[in-house]
$ cat start08.txt   # compact mmCIF, C-alpha atoms
# COMPACT_ATOMS: atom_id res chain seq x y z
CA GLY M 28 -6.43 7.97 2.74
CA SER M 29 -7.04 6.47 -0.63
CA ASP M 30 -6.31 7.37 -4.20
CA SER M 31 -9.26 8.82 -6.05
CA ARG M 32 -9.84 10.13 -9.55
CA ALA M 33 -13.02 11.94 -8.49
CA GLY M 34 -13.29 15.45 -9.87
CA THR M 35 -10.75 15.00 -12.67
CA HIS M 36 -13.44 14.82 -15.38
CA GLY M 37 -11.76 11.71 -16.75
CA GLN M 38 -8.47 13.48 -17.49
CA TYR M 39 -6.34 11.29 -15.23
CA GLY M 40 -6.10 7.63 -14.33
CA ARG M 41 -8.00 6.05 -17.18
CA GLY M 42 -8.29 2.32 -16.71
CA VAL M 43 -7.31 2.55 -13.04
CA THR M 44 -9.56 0.53 -10.78
CA GLY M 45 -9.54 -0.33 -7.11
CA ALA M 46 -8.20 1.51 -4.10
CA ARG M 47 -4.66 2.50 -3.23
CA SER M 48 -3.54 4.03 0.02
CA ASP M 49 -1.77 7.41 -0.16
CA THR M 50 0.68 6.56 2.60
CA ALA M 51 1.16 3.91 5.24
CA MET M 52 2.09 4.81 8.77
CA VAL M 53 4.02 2.06 10.53
CA LEU M 54 3.99 2.36 14.32
CA HIS M 55 6.46 0.55 16.55
CA VAL M 56 5.68 0.65 20.27
CA ASP M 57 8.67 -0.05 22.53
CA LYS M 58 8.43 -3.09 24.80
CA SER M 59 8.28 -0.75 27.81
CA HIS M 60 5.34 1.14 26.24
CA LYS M 61 7.14 4.39 27.07
CA MET M 62 8.38 5.14 23.54
CA ALA M 63 7.01 4.81 20.05
CA SER M 64 8.38 5.43 16.56
CA VAL M 65 6.38 6.16 13.42
CA VAL M 66 7.59 5.79 9.84
CA SER M 67 5.64 7.00 6.82
CA ILE M 68 5.94 4.90 3.67
CA PRO M 69 4.96 6.95 0.59
CA ARG M 70 2.54 5.16 -1.72
CA ASP M 71 4.87 5.02 -4.72
CA THR M 72 7.81 3.46 -2.86
CA MET M 73 9.13 0.59 -4.94
CA VAL M 74 9.17 -2.73 -3.08
CA ASP M 75 9.24 -6.46 -3.67
CA ARG M 76 5.63 -7.44 -2.95
CA PRO M 77 5.19 -11.00 -1.67
CA GLN M 78 2.59 -13.47 -2.87
CA CYS M 79 -0.73 -12.50 -1.28
CA ALA M 80 -4.19 -13.98 -0.89
CA LYS M 81 -6.83 -12.02 -2.82
CA PRO M 82 -9.94 -10.98 -0.86
CA SER M 83 -12.06 -12.37 -3.70
CA GLY M 84 -10.27 -15.72 -3.55
CA GLY M 85 -7.15 -17.11 -5.12
CA THR M 86 -3.61 -15.87 -4.84
CA ALA M 87 -1.79 -12.95 -6.42
CA PRO M 88 1.80 -13.82 -7.36
CA GLY M 89 4.61 -11.80 -5.81
CA GLU M 90 6.03 -8.93 -7.83
CA HIS M 91 9.53 -7.43 -8.05
CA GLN M 92 9.69 -3.61 -8.01
CA ALA M 93 5.98 -3.04 -7.36
CA MET M 94 4.62 0.20 -5.93
CA PHE M 95 3.91 -0.17 -2.23
CA ASN M 96 0.32 1.06 -2.59
CA ALA M 97 -0.43 -1.73 -5.09
CA ALA M 98 -0.26 -4.22 -2.22
CA TYR M 99 -3.52 -2.80 -0.86
CA GLN M 100 -5.18 -3.01 -4.27
CA VAL M 101 -4.02 -6.60 -4.82
CA GLY M 102 -4.71 -8.10 -1.41
CA GLY M 103 -6.21 -5.52 0.91
CA PRO M 104 -4.89 -4.70 4.37
CA ALA M 105 -3.42 -8.18 4.94
CA CYS M 106 -1.20 -7.91 1.85
CA THR M 107 -0.14 -4.39 2.86
CA VAL M 108 0.98 -5.65 6.28
CA LYS M 109 2.74 -8.63 4.70
CA THR M 110 4.54 -6.31 2.26
$ encode --input "start08.txt" --output "structure tokens"
Amino acid sequence: GSDSRAGTHGQYGRGVTGARSDTAMVLHVDKSHKMASVVSIPRDTMVDRPQCAKPSGGTAPGEHQAMFNAAYQVGGPACTVKT
């Protein structure tokens, strides 16, 4: 899913641009392929985001105590995985 301000009639999220995922589901498949584990990371989990390449070019510096969902906004899926 992604964050959206649609339908709020401008009451919320002024100045917010770009997309942010609502949650990330991390799947680990056991080496035997007989078991799997899933962990949900809520979008507002505070993390240390690493330096990431921007889809539009250039590099976004790493950030201490950034919201997890900001990784997607800053660097797309690749930055989210790296985070």
$ atom_distance --input "start08.txt" --atom1 "CA of Met52 in chain M" --atom2 "CA of Ile68 in chain M"
6.4 Å
$ closest_residue --input "start08.txt" --among "M:Asp57, M:His91, M:Asp49, M:Ala105" --to "Pro69 in chain M" --atoms "all atoms listed in the file"
M:Asp49
$ closest_residue --input "start08.txt" --among "M:Ala51, M:Val56, M:Ala63, M:Val101" --to "Ser83 in chain M" --atoms "only C-alpha atoms"
M:Val101
$ atom_distance --input "start08.txt" --atom1 "CA of Tyr99 in chain M" --atom2 "CA of Asp75 in chain M"
13.6 Å
